[in-house]
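Heads up, work.cif below (mmCIF, C-alpha atoms and all ligand atoms):
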```cif
data_structure
loop_
_atom_site.label_atom_id
_atom_site.label_comp_id
_atom_site.auth_asym_id
_atom_site.auth_seq_id
_atom_site.Cartn_x
_atom_site.Cartn_y
_atom_site.Cartn_z
CA MET A 206 -53.27 36.76 -54.54
CA ILE A 207 -55.16 36.17 -51.29
CA PRO A 208 -54.81 39.27 -49.10
CA SER A 209 -53.29 38.84 -45.65
CA ILE A 210 -55.66 39.96 -42.93
CA LEU A 211 -54.39 42.46 -40.38
CA TYR A 212 -56.55 42.99 -37.28
CA PHE A 213 -56.44 46.33 -35.52
CA SER A 214 -57.88 47.88 -32.37
CA PRO A 215 -60.19 50.96 -32.38
CA LEU A 216 -57.54 53.64 -31.76
CA LEU A 217 -55.65 52.57 -34.89
CA ALA A 218 -58.60 53.15 -37.26
CA SER A 219 -57.23 56.22 -39.03
CA TRP A 220 -53.54 55.47 -38.35
CA LYS A 221 -53.54 52.29 -40.43
CA THR A 222 -54.01 54.16 -43.76
CA GLN A 223 -50.34 55.21 -44.00
CA PHE A 224 -49.23 51.60 -43.60
CA HIS A 225 -51.75 50.34 -46.07
CA THR A 226 -50.30 52.63 -48.73
CA ALA A 227 -46.74 51.63 -47.85
CA LEU A 228 -47.54 47.91 -47.90
CA CYS A 229 -49.25 48.23 -51.30
CA MET A 230 -46.17 50.01 -52.66
CA TYR A 231 -44.15 46.89 -51.80
CA GLY A 232 -46.64 44.57 -53.43
CA GLN A 233 -48.39 43.33 -50.29
CA THR A 234 -52.14 42.97 -50.50
CA VAL A 235 -53.67 43.28 -47.08
CA GLU A 236 -57.16 43.42 -45.73
CA TRP A 237 -57.83 45.29 -42.46
CA LYS A 238 -60.37 44.11 -39.91
CA ALA A 239 -61.42 46.18 -36.89
CA ILE A 240 -61.71 44.39 -33.53
CA GLN A 241 -62.82 45.65 -30.11
CA SER A 242 -60.73 43.14 -28.16
CA ILE A 243 -58.10 40.55 -29.06
CA ASP A 244 -60.41 37.54 -28.67
CA GLN A 245 -62.26 38.69 -31.80
CA SER A 246 -59.20 37.72 -33.87
CA PRO A 247 -58.18 34.15 -34.74
CA THR A 248 -55.03 32.59 -33.26
CA PHE A 249 -51.80 33.13 -35.23
CA ALA A 250 -53.33 36.25 -36.84
CA ILE A 251 -51.30 39.43 -37.03
CA VAL A 252 -52.97 41.80 -34.58
CA LEU A 253 -52.06 45.44 -34.18
CA LEU A 254 -53.18 46.86 -30.84
CA ALA A 255 -52.91 50.43 -29.66
CA GLU A 256 -51.44 50.25 -26.17
CA LYS A 257 -54.34 52.29 -24.81
CA ASP A 258 -56.85 49.79 -26.24
CA ILE A 259 -55.33 46.82 -24.35
CA LYS A 260 -57.25 45.57 -21.32
CA ALA A 261 -55.89 43.18 -18.68
CA SER A 262 -58.28 40.49 -19.98
CA ASP A 263 -56.45 40.68 -23.35
CA TRP A 264 -53.08 39.74 -21.80
CA PRO A 265 -53.50 35.95 -21.78
CA LEU A 266 -54.22 36.04 -25.53
CA LEU A 267 -51.33 38.29 -26.62
CA ALA A 268 -48.98 35.36 -27.25
CA SER A 269 -51.55 33.24 -29.07
CA ARG A 270 -51.64 35.86 -31.84
CA ARG A 271 -48.76 37.61 -33.56
CA THR A 272 -49.45 40.74 -31.58
CA ILE A 273 -47.80 44.07 -32.26
CA VAL A 274 -48.33 46.80 -29.70
CA ILE A 275 -48.41 50.36 -31.02
CA VAL A 276 -47.41 52.97 -28.47
CA ASP A 277 -47.57 56.76 -28.59
CA GLU A 278 -44.03 57.07 -27.30
CA TRP A 279 -41.61 54.21 -27.65
CA SER A 280 -39.22 53.26 -24.84
CA LEU A 281 -37.09 50.16 -24.46
CA ASP A 282 -38.53 49.42 -21.01
CA ASN A 283 -42.12 49.58 -22.17
CA SER A 284 -41.38 47.61 -25.31
CA VAL A 285 -39.75 44.80 -23.32
CA LYS A 286 -42.70 44.84 -20.91
CA TRP A 287 -45.12 44.07 -23.76
CA ILE A 288 -42.82 41.46 -25.28
CA GLN A 289 -42.64 39.74 -21.89
CA LYS A 290 -46.44 39.68 -21.79
CA GLY A 291 -46.49 37.85 -25.12
CA ALA A 292 -46.46 40.52 -27.86
CA ILE A 293 -43.93 39.83 -30.57
CA ASN A 294 -42.98 43.45 -31.08
CA CYS A 295 -43.70 47.01 -30.04
CA PHE A 296 -43.49 50.04 -32.32
CA ALA A 297 -44.12 53.76 -32.03
CA ARG A 298 -47.03 55.06 -34.11
CA ASP A 299 -44.74 56.84 -36.57
CA ASP A 300 -42.04 54.14 -36.80
CA GLU A 301 -41.52 53.15 -40.44
CA HIS A 302 -39.68 50.00 -39.38
CA LEU A 303 -43.11 48.57 -38.82
CA THR A 304 -43.68 48.40 -42.58
CA ALA A 305 -40.56 46.28 -43.12
CA TRP A 306 -41.41 44.12 -40.16
CA LEU A 307 -44.97 43.55 -41.40
CA ILE A 308 -43.70 42.55 -44.86
CA SER A 309 -41.39 40.01 -43.22
CA GLU A 310 -44.23 38.60 -41.07
CA ILE A 311 -46.69 38.45 -43.96
CA SER A 312 -44.16 36.70 -46.18
CA GLY A 313 -43.59 34.10 -43.46
CA LEU A 314 -39.84 34.64 -43.57
CA THR A 315 -39.48 34.21 -39.87
CA VAL A 316 -40.51 30.55 -39.74
CA ASN A 317 -37.70 28.46 -38.30
CA ARG A 318 -37.80 24.78 -39.19
CA SER A 319 -34.39 23.79 -37.90
CA HIS A 320 -35.78 21.70 -34.99
CA GLN A 321 -38.37 19.80 -37.04
CA ALA A 322 -36.71 16.37 -36.61
CA GLU A 323 -36.51 16.67 -32.81
CA ASP A 324 -40.09 17.94 -32.70
CA ASP A 325 -41.30 14.93 -34.71
CA MET A 326 -39.48 12.52 -32.38
CA LEU A 327 -40.93 14.20 -29.27
CA GLN A 328 -44.41 13.97 -30.79
CA ILE A 329 -44.05 10.23 -31.40
CA ILE A 330 -42.92 9.73 -27.79
CA ILE A 331 -45.73 11.71 -26.17
CA ASP A 332 -48.36 10.16 -28.45
CA ALA A 333 -47.42 6.79 -26.95
CA ILE A 334 -48.51 8.02 -23.50
CA PRO A 335 -52.18 7.08 -22.90
CA ALA A 336 -53.00 9.92 -20.46
CA PRO A 337 -53.76 13.35 -21.93
CA LEU A 338 -50.56 15.41 -21.85
CA PHE A 339 -49.82 19.00 -22.87
CA PHE A 340 -47.11 21.56 -22.53
CA LYS A 341 -47.32 25.33 -22.59
CA ASP A 342 -44.71 28.05 -22.81
CA HIS A 343 -44.09 30.68 -20.14
CA LEU A 344 -46.80 32.84 -21.74
CA HIS A 345 -49.40 30.08 -21.25
CA ILE A 346 -49.64 29.20 -24.94
CA TYR A 347 -50.03 25.52 -25.82
CA ARG A 348 -46.86 24.46 -27.63
CA GLY A 349 -47.51 20.75 -27.74
CA CYS A 350 -49.88 17.97 -26.77
CA ASN A 351 -50.36 14.27 -27.39
CA THR A 352 -53.10 12.41 -29.24
CA ALA A 353 -54.86 11.50 -25.95
CA PHE A 354 -55.17 15.22 -25.11
CA CYS A 355 -56.70 15.98 -28.55
CA GLN A 356 -59.11 13.07 -28.20
CA PHE A 357 -60.01 14.10 -24.68
CA LEU A 358 -60.93 17.65 -25.68
CA GLU A 359 -62.25 16.49 -29.08
CA LEU A 360 -60.14 19.13 -30.74
CA SER A 361 -57.53 18.79 -33.48
CA ARG A 362 -53.90 19.55 -32.75
CA GLU A 363 -54.24 22.66 -34.90
CA GLU A 364 -57.09 23.88 -32.72
CA ILE A 365 -54.85 23.59 -29.64
CA ILE A 366 -51.23 24.36 -30.51
CA GLY A 367 -50.46 28.06 -30.48
CA HIS A 368 -53.68 28.81 -28.64
CA SER A 369 -54.21 30.32 -25.25
CA VAL A 370 -56.42 28.44 -22.81
CA TYR A 371 -58.93 31.26 -23.34
CA ASP A 372 -59.24 30.13 -26.98
CA ILE A 373 -60.25 26.57 -26.10
CA ALA A 374 -62.14 26.73 -22.79
CA PRO A 375 -65.14 28.75 -21.54
CA LYS A 376 -63.96 31.88 -19.68
CA PRO A 377 -64.78 30.77 -16.09
CA LEU A 378 -62.83 27.50 -16.55
CA ALA A 379 -60.03 29.29 -18.42
CA ASP A 380 -59.73 31.72 -15.49
CA THR A 381 -59.16 28.75 -13.13
CA TYR A 382 -56.47 27.19 -15.33
CA TYR A 383 -54.77 30.53 -15.96
CA LYS A 384 -54.63 31.32 -12.26
CA ALA A 385 -53.14 27.89 -11.47
CA ASP A 386 -50.62 28.28 -14.34
CA CYS A 387 -49.50 31.70 -13.06
CA GLN A 388 -49.05 30.30 -9.56
CA LEU A 389 -47.04 27.32 -10.81
CA LEU A 390 -44.75 29.45 -12.96
CA ALA A 391 -44.20 31.87 -10.09
CA GLU A 392 -43.50 29.17 -7.51
CA GLY A 393 -41.79 26.58 -9.73
CA GLY A 394 -41.71 22.86 -8.92
CA THR A 395 -44.81 20.76 -9.32
CA GLN A 396 -48.52 21.26 -8.79
CA ARG A 397 -51.48 18.96 -8.33
CA TYR A 398 -55.08 20.12 -8.25
CA GLU A 399 -58.53 19.14 -9.43
CA ALA A 400 -60.61 21.27 -11.79
CA GLU A 401 -63.54 20.80 -14.10
CA VAL A 402 -62.99 20.42 -17.83
CA GLN A 403 -65.65 20.76 -20.51
CA LEU A 404 -65.32 18.16 -23.28
CA GLY A 405 -66.26 18.60 -26.90
CA ASP A 406 -69.71 17.08 -26.28
CA GLY A 407 -70.37 19.69 -23.57
CA SER A 408 -70.03 17.24 -20.67
CA ILE A 409 -68.12 18.40 -17.61
CA HIS A 410 -65.46 16.07 -16.19
CA GLU A 411 -63.47 16.31 -12.97
CA ILE A 412 -59.81 16.25 -13.82
CA GLU A 413 -56.75 15.87 -11.63
CA PHE A 414 -53.95 17.98 -13.11
CA ASN A 415 -50.36 16.99 -12.37
CA LYS A 416 -48.11 19.75 -13.64
CA ALA A 417 -44.45 20.63 -13.48
CA VAL A 418 -42.41 23.63 -14.54
CA PHE A 419 -39.51 23.08 -16.90
CA THR A 420 -36.56 25.42 -17.08
CA ASN A 421 -33.80 26.39 -19.50
CA SER A 422 -30.13 25.79 -18.77
CA ASN A 423 -30.07 29.00 -16.69
CA GLY A 424 -32.80 27.66 -14.43
CA GLN A 425 -35.33 30.12 -15.82
CA ALA A 426 -38.94 28.85 -16.03
CA ILE A 427 -39.76 28.51 -19.72
CA GLY A 428 -42.96 26.52 -19.56
CA GLN A 429 -44.96 23.82 -17.91
CA VAL A 430 -45.99 20.28 -18.71
CA GLY A 431 -49.26 18.81 -17.49
CA VAL A 432 -50.81 15.35 -17.38
CA MET A 433 -54.55 14.98 -16.87
CA LEU A 434 -56.28 12.14 -15.08
CA ASP A 435 -60.05 11.86 -15.39
CA VAL A 436 -61.18 11.34 -11.78
CA THR A 437 -64.93 11.84 -12.38
CA GLU A 438 -65.79 8.20 -11.68
CA ARG A 439 -63.32 7.92 -8.80
CA ASN A 440 -64.83 11.01 -7.14
CA GLN A 441 -68.36 9.70 -7.67
CA LEU A 442 -67.36 6.43 -6.00
CA ILE A 443 -65.71 8.29 -3.11
CA SER A 444 -68.83 10.37 -2.55
CA GLN A 445 -71.08 7.26 -2.77
CA LEU A 446 -68.79 5.51 -0.30
CA ASP A 447 -68.76 8.52 2.00
CA LYS A 448 -72.57 8.68 1.88
CA ALA A 449 -72.78 4.93 2.58
CA THR A 450 -70.57 5.23 5.66
CA ARG A 451 -72.91 7.90 7.04
CA THR A 452 -76.20 6.15 6.22
CA ASP A 453 -77.99 3.26 7.89
CA PRO A 454 -78.56 0.77 5.06
CA LEU A 455 -81.76 -0.68 6.57
CA THR A 456 -83.78 2.52 7.05
CA GLY A 457 -81.89 4.99 4.87
CA THR A 458 -81.59 7.45 7.76
CA SER A 459 -78.28 8.91 8.95
CA ASN A 460 -76.32 6.62 11.26
CA ARG A 461 -74.37 7.10 14.51
CA ARG A 462 -71.18 8.04 12.65
CA GLU A 463 -73.03 10.90 10.96
CA PHE A 464 -74.62 11.84 14.29
CA ASN A 465 -71.18 12.09 15.94
CA LEU A 466 -69.99 14.42 13.18
CA ILE A 467 -73.11 16.58 13.12
CA ILE A 468 -73.56 16.94 16.86
CA GLN A 469 -69.97 18.17 17.31
CA ASP A 470 -70.48 20.71 14.60
CA GLU A 471 -73.91 21.90 15.82
CA PHE A 472 -72.69 22.08 19.40
CA GLU A 473 -69.75 24.28 18.38
CA LYS A 474 -72.14 26.54 16.45
CA ARG A 475 -74.46 26.70 19.47
CA LYS A 476 -71.59 28.11 21.55
CA HIS A 477 -71.50 31.17 19.31
CA SER A 478 -75.20 31.60 18.63
CA GLU A 479 -78.43 32.20 20.51
CA GLN A 480 -80.26 29.52 18.51
CA ARG A 481 -81.44 26.81 20.92
CA LEU A 482 -80.70 23.17 20.18
CA SER A 483 -82.27 20.04 21.69
CA LEU A 484 -81.77 16.32 21.42
CA MET A 485 -84.29 13.50 21.77
CA THR A 486 -83.30 9.85 22.36
CA LEU A 487 -85.93 7.27 21.38
CA ASP A 488 -86.00 3.54 21.94
CA VAL A 489 -88.65 1.13 20.68
CA ASP A 490 -90.34 -0.71 23.57
CA PHE A 491 -90.18 -4.52 23.69
CA PHE A 492 -88.79 -4.69 20.19
CA LYS A 493 -87.57 -8.22 20.87
CA LYS A 494 -91.24 -9.33 20.92
CA ILE A 495 -91.70 -8.04 17.34
CA ASN A 496 -88.69 -10.13 16.24
CA ASP A 497 -90.03 -13.11 18.13
CA LYS A 498 -93.47 -12.77 16.52
CA PHE A 499 -92.54 -11.85 12.95
CA GLY A 500 -88.99 -13.15 12.66
CA HIS A 501 -85.91 -10.99 12.00
CA GLY A 502 -87.24 -9.99 8.56
CA GLY A 503 -90.48 -8.75 10.12
CA GLY A 504 -88.43 -6.85 12.72
CA ASP A 505 -86.40 -5.21 9.93
CA GLN A 506 -89.63 -4.21 8.23
CA ALA A 507 -90.89 -2.71 11.50
CA LEU A 508 -87.70 -0.65 11.86
CA GLN A 509 -88.14 0.67 8.32
CA LEU A 510 -91.78 1.60 9.01
CA ILE A 511 -90.87 3.28 12.32
CA ALA A 512 -88.08 5.34 10.69
CA LYS A 513 -90.40 6.36 7.87
CA TRP A 514 -93.15 7.36 10.27
CA LEU A 515 -90.76 9.35 12.49
CA GLN A 516 -89.35 11.13 9.46
CA SER A 517 -92.87 12.08 8.36
CA GLN A 518 -93.47 13.77 11.74
CA LEU A 519 -90.36 15.97 11.66
CA ARG A 520 -89.79 19.53 10.53
CA SER A 521 -87.24 20.11 7.80
CA SER A 522 -84.86 21.57 10.41
CA ASP A 523 -84.91 18.34 12.49
CA SER A 524 -82.56 15.44 11.78
CA LEU A 525 -83.27 11.77 12.44
CA PHE A 526 -80.51 9.24 13.14
CA ARG A 527 -80.65 5.50 13.75
CA VAL A 528 -77.90 5.11 16.31
CA GLY A 529 -78.42 1.49 17.37
CA GLY A 530 -80.62 -1.55 16.81
CA GLU A 531 -83.98 0.01 17.79
CA GLU A 532 -82.66 3.33 19.05
CA PHE A 533 -83.09 6.66 17.28
CA TYR A 534 -81.90 10.23 17.96
CA ILE A 535 -83.63 13.38 16.79
CA LEU A 536 -81.66 16.59 16.70
CA MET A 537 -84.02 19.56 16.90
CA ARG A 538 -82.63 22.91 15.79
CA ASP A 539 -84.11 26.18 17.03
CA THR A 540 -85.85 24.25 19.83
CA ASN A 541 -85.73 24.78 23.61
CA ILE A 542 -86.34 22.06 26.20
CA GLN A 543 -90.04 22.90 26.58
CA ASN A 544 -90.70 22.58 22.84
CA ALA A 545 -88.53 19.47 22.66
CA PHE A 546 -90.50 17.86 25.49
CA GLU A 547 -93.83 18.67 23.79
CA MET A 548 -92.55 17.26 20.54
CA ALA A 549 -91.36 14.03 22.22
CA GLU A 550 -94.78 13.61 23.88
CA ARG A 551 -96.50 14.19 20.57
CA LEU A 552 -94.29 11.54 18.90
CA CYS A 553 -94.84 8.97 21.68
CA LYS A 554 -98.62 9.50 21.67
CA GLY A 555 -98.72 9.46 17.87
CA MET A 556 -96.70 6.22 17.70
CA ALA A 557 -98.87 4.54 20.36
CA THR A 558 -102.06 5.25 18.39
CA HIS A 559 -100.63 4.50 14.96
CA ILE A 560 -101.28 1.03 13.59
CA PHE A 561 -98.48 -0.46 11.52
CA SER A 562 -99.01 -3.46 9.33
CA ILE A 563 -96.47 -6.30 9.07
CA ASP A 564 -97.34 -9.42 7.08
CA GLN A 565 -100.87 -7.95 6.82
CA LYS A 566 -101.17 -8.08 10.62
CA PRO A 567 -101.75 -4.95 12.71
CA VAL A 568 -98.88 -4.05 15.05
CA HIS A 569 -98.91 -1.58 17.92
CA ILE A 570 -95.60 0.01 18.79
CA THR A 571 -94.65 2.35 21.62
CA LEU A 572 -91.58 4.43 22.26
CA SER A 573 -89.70 5.61 25.34
CA ALA A 574 -87.89 8.91 25.12
CA GLY A 575 -85.47 11.26 26.83
CA VAL A 576 -85.02 14.94 25.91
CA ILE A 577 -82.40 17.52 26.73
CA GLU A 578 -81.48 20.99 25.58
CA LEU A 579 -77.83 21.39 24.59
CA ASP A 580 -76.50 23.92 27.06
CA PRO A 581 -73.29 25.37 25.60
CA THR A 582 -71.66 25.63 29.06
CA THR A 583 -72.00 21.88 29.74
CA GLU A 584 -69.66 19.25 28.25
CA LEU A 585 -71.21 17.50 25.24
CA GLU A 586 -70.25 14.11 26.66
CA SER A 587 -72.20 14.74 29.90
CA ILE A 588 -75.19 15.98 27.90
CA LEU A 589 -75.24 12.73 25.93
CA ASP A 590 -74.87 10.73 29.16
CA MET A 591 -77.73 12.61 30.84
CA VAL A 592 -80.16 12.18 27.94
CA ASP A 593 -79.36 8.46 27.75
CA LYS A 594 -80.07 8.12 31.49
CA ALA A 595 -83.39 9.96 30.97
CA LEU A 596 -84.31 7.35 28.36
CA TYR A 597 -83.54 4.49 30.80
CA GLU A 598 -85.67 6.30 33.37
CA ALA A 599 -88.56 6.36 30.90
CA LYS A 600 -88.03 2.60 30.39
CA SER A 601 -87.98 1.82 34.10
CA ASP A 602 -91.00 4.10 34.70
CA GLY A 603 -93.12 1.79 32.56
CA ARG A 604 -92.13 2.75 28.96
CA ASN A 605 -94.31 4.67 26.44
CA CYS A 606 -93.35 7.96 28.14
CA VAL A 607 -90.90 10.88 27.97
CA ARG A 608 -88.41 11.98 30.61
CA PRO A 609 -86.89 15.43 30.15
CA VAL A 610 -83.57 16.62 31.60
CA TYR A 611 -83.65 20.15 33.02
CA LEU A 612 -80.17 21.63 33.41
N1 LIG B 1 -84.90 -7.23 13.18
C1 LIG B 1 -83.93 -6.57 13.76
N2 LIG B 1 -83.78 -6.64 15.10
C2 LIG B 1 -82.82 -5.93 15.68
C3 LIG B 1 -81.95 -5.12 14.94
N3 LIG B 1 -81.09 -4.55 15.80
C4 LIG B 1 -81.41 -4.98 17.02
N4 LIG B 1 -82.45 -5.82 16.98
C5 LIG B 1 -83.13 -6.52 18.07
O1 LIG B 1 -83.73 -5.59 18.93
C6 LIG B 1 -83.92 -6.25 20.19
C7 LIG B 1 -83.63 -5.31 21.30
O2 LIG B 1 -83.92 -5.96 22.45
P1 LIG B 1 -83.72 -5.36 23.88
O3 LIG B 1 -82.47 -4.52 23.91
O4 LIG B 1 -83.83 -6.47 24.86
O5 LIG B 1 -84.87 -4.38 24.04
P2 LIG B 1 -86.42 -4.49 23.82
O6 LIG B 1 -86.87 -5.86 23.53
O7 LIG B 1 -86.79 -3.46 22.78
O8 LIG B 1 -86.94 -4.06 25.18
P3 LIG B 1 -86.82 -2.61 25.87
O9 LIG B 1 -85.89 -1.78 25.09
O10 LIG B 1 -86.34 -2.91 27.24
O11 LIG B 1 -88.19 -2.07 25.86
C8 LIG B 1 -82.99 -7.48 20.16
O12 LIG B 1 -83.77 -8.64 20.07
C9 LIG B 1 -82.17 -7.31 18.91
O13 LIG B 1 -81.83 -8.54 18.29
C10 LIG B 1 -82.12 -5.06 13.52
O14 LIG B 1 -81.42 -4.37 12.78
N5 LIG B 1 -83.13 -5.79 12.98
#
```

Give the structure from this file in structure tokens form.
Amino acid sequence: MIPSILYFSPLLASWKTQFHTALCMYGQTVEWKAIQSIDQSPTFAIVLLAEKDIKASDWPLLASRRTIVIVDEWSLDNSVKWIQKGAINCFARDDEHLTAWLISEISGLTVNRSHQAEDDMLQIIIDAIPAPLFFKDHLHIYRGCNTAFCQFLELSREEIIGHSVYDIAPKPLADTYYKADCQLLAEGGTQRYEAEVQLGDGSIHEIEFNKAVFTNSNGQAIGQVGVMLDVTERNQLISQLDKATRTDPLTGTSNRREFNLIIQDEFEKRKHSEQRLSLMTLDVDFFKKINDKFGHGGGDQALQLIAKWLQSQLRSSDSLFRVGGEEFYILMRDTNIQNAFEMAERLCKGMATHIFSIDQKPVHITLSAGVIELDPTTELESILDMVDKALYEAKSDGRNCVRPVYL
């Protein structure tokens, strides 16, 4: 006869002997295995835990095993408390009823098959649903799932049903699901959230969970049902789309939309920090002539070369934006007006002496610029107006020069 395995926690090491003898007397062959915590036992196993050995991290797994809690002094209140946490029974150390109860458990006399037909019908129905679907009881133990859910996790139904989420997911992910489950059961109703799920091949997918609590006829929450939608691709598309709406497709730099978002944010931060912030507006001089000489394609190429060159001149804390046809902004963090002015001069001089090549022909390009420091006591709109005017001043003063705004 194959011995039944009984798992026990450290404080029950010597205590178990009396039960071993009693069980043998009634013809039960058992094997005892010591465990330090409940996760070292397989699901469905009979696990005997001394109350003092149980840690809070063991609680989510109590119901996925046939857990018996052994207490020093039995009380109805305490016993019910453990049963509500998922244990199937609670006995005092010296309670001989435990022997009879263990014999019944080991013999499998408690299995109730009266609802088998309904269960089979429910399984057929949920298997027809293409999205992964599962349901858990109020103790967070999986009580059912459809074929799509098994395929999704690459686990068999046996590896899921009766298990706690801590049995089938890595601990950090299981913590997330467990927390969400607790919240849903406490609040009732429905819940929708996104979380990562690790598949059988180790890949991580972003999943939208749509869950709902179900109740018994008294309105008491007895479990939850969840449907999973794989939104990994959808989220990737959203983030690509979001990036595209903030990027200038010609030069790859950030565009005006991104500038509007960033400048608001940086300006708000500036109001609560001593870190200086400056803005440079740049416009390519006589750009129309480049288009006229090289065609629109040549002009596009020039804009790409200009953006690349500007980017190569910046510090990692500066941000470049293409905000119009041949107009660029540079946001300079940690920079006062003096430093911003020097930097603008350096860029204009550098651009004027740099020789670009379009269609193998050398091209000279110059820039006009305005600079301003973002004073937190001035309205952002007026700052942007003033720096634009400074740029027009640079244009009307002959181009290829910088005009600073001193507030
Ligand atoms: N190739 C190309 N040209 C563009 C693009 N956007 C704007 N332009 C051109 O840039 C030129 C800008 O001309 P203007 O505003 O008159 O300015 P400018 O010729 O640079 O002269 P100033 O700014 O006064 O020095 C126009 O001819 C636009 O068609 C673009 O994406 N690609």

Find the residues around Ala261 of chain A up to 12 Å (only C-alpha atoms counted), leave out those fewer than 5 positions away in its own chain, and share them as a ChimeraX atom specification. /A:242-243,256,266-267,287,290

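Residues in contact range of Val568 of chain A, defined as at most 9 Å between only C-alpha atoms, with sequence neighbours fewer than 6 positions away removed, read Ile495, Ala507, His559, Ile560, Phe561 and Ser562 of chain A.
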
Contacts of Met548 of chain A at 10 Å (all atoms listed in the file; same-chain gap of 6+ positions) as a PDB file with C-alpha atoms, keeping the file's coordinate frame:
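Generated file (part-v5.pdb):
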```pdb
ATOM      1  CA  MET A 485     -84.290  13.500  21.770  1.00  0.00           C
ATOM      2  CA  GLN A 518     -93.470  13.770  11.740  1.00  0.00           C
ATOM      3  CA  LEU A 519     -90.360  15.970  11.660  1.00  0.00           C
ATOM      4  CA  MET A 537     -84.020  19.560  16.900  1.00  0.00           C
ATOM      5  CA  THR A 540     -85.850  24.250  19.830  1.00  0.00           C
ATOM      6  CA  ILE A 542     -86.340  22.060  26.200  1.00  0.00           C
ATOM      7  CA  LYS A 554     -98.620   9.500  21.670  1.00  0.00           C
ATOM      8  CA  VAL A 576     -85.020  14.940  25.910  1.00  0.00           C
ATOM      9  CA  VAL A 607     -90.900  10.880  27.970  1.00  0.00           C
TER      10      VAL A 607
END
```

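For Phe464 of chain A, the non-local neighbours within 9 Å, defined as residues at least 5 positions apart in the same chain or in other chains and counting all atoms listed in the file, are Arg451, Ser459, Gln469, Leu525, Phe526, Arg527, Val528, Tyr534 and Leu536 of chain A.
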
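Closest approach to Glu413 of chain A among A:His501, A:Glu473, A:Ala336, A:Ala379 is made by A:Ala336 (distances from only C-alpha atoms).
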
Kindly compile the residues surrounding ligand LIG 1 (chain B) within 6 Å, counting only C-alpha atoms and all ligand atoms, and format them as a list of chain:residue names. A:Val489, A:Asp490, A:Phe491, A:Phe492, A:Lys493, A:Asn496, A:His501, A:Gly502, A:Gly504, A:Asp505, A:Gly530, A:Glu531
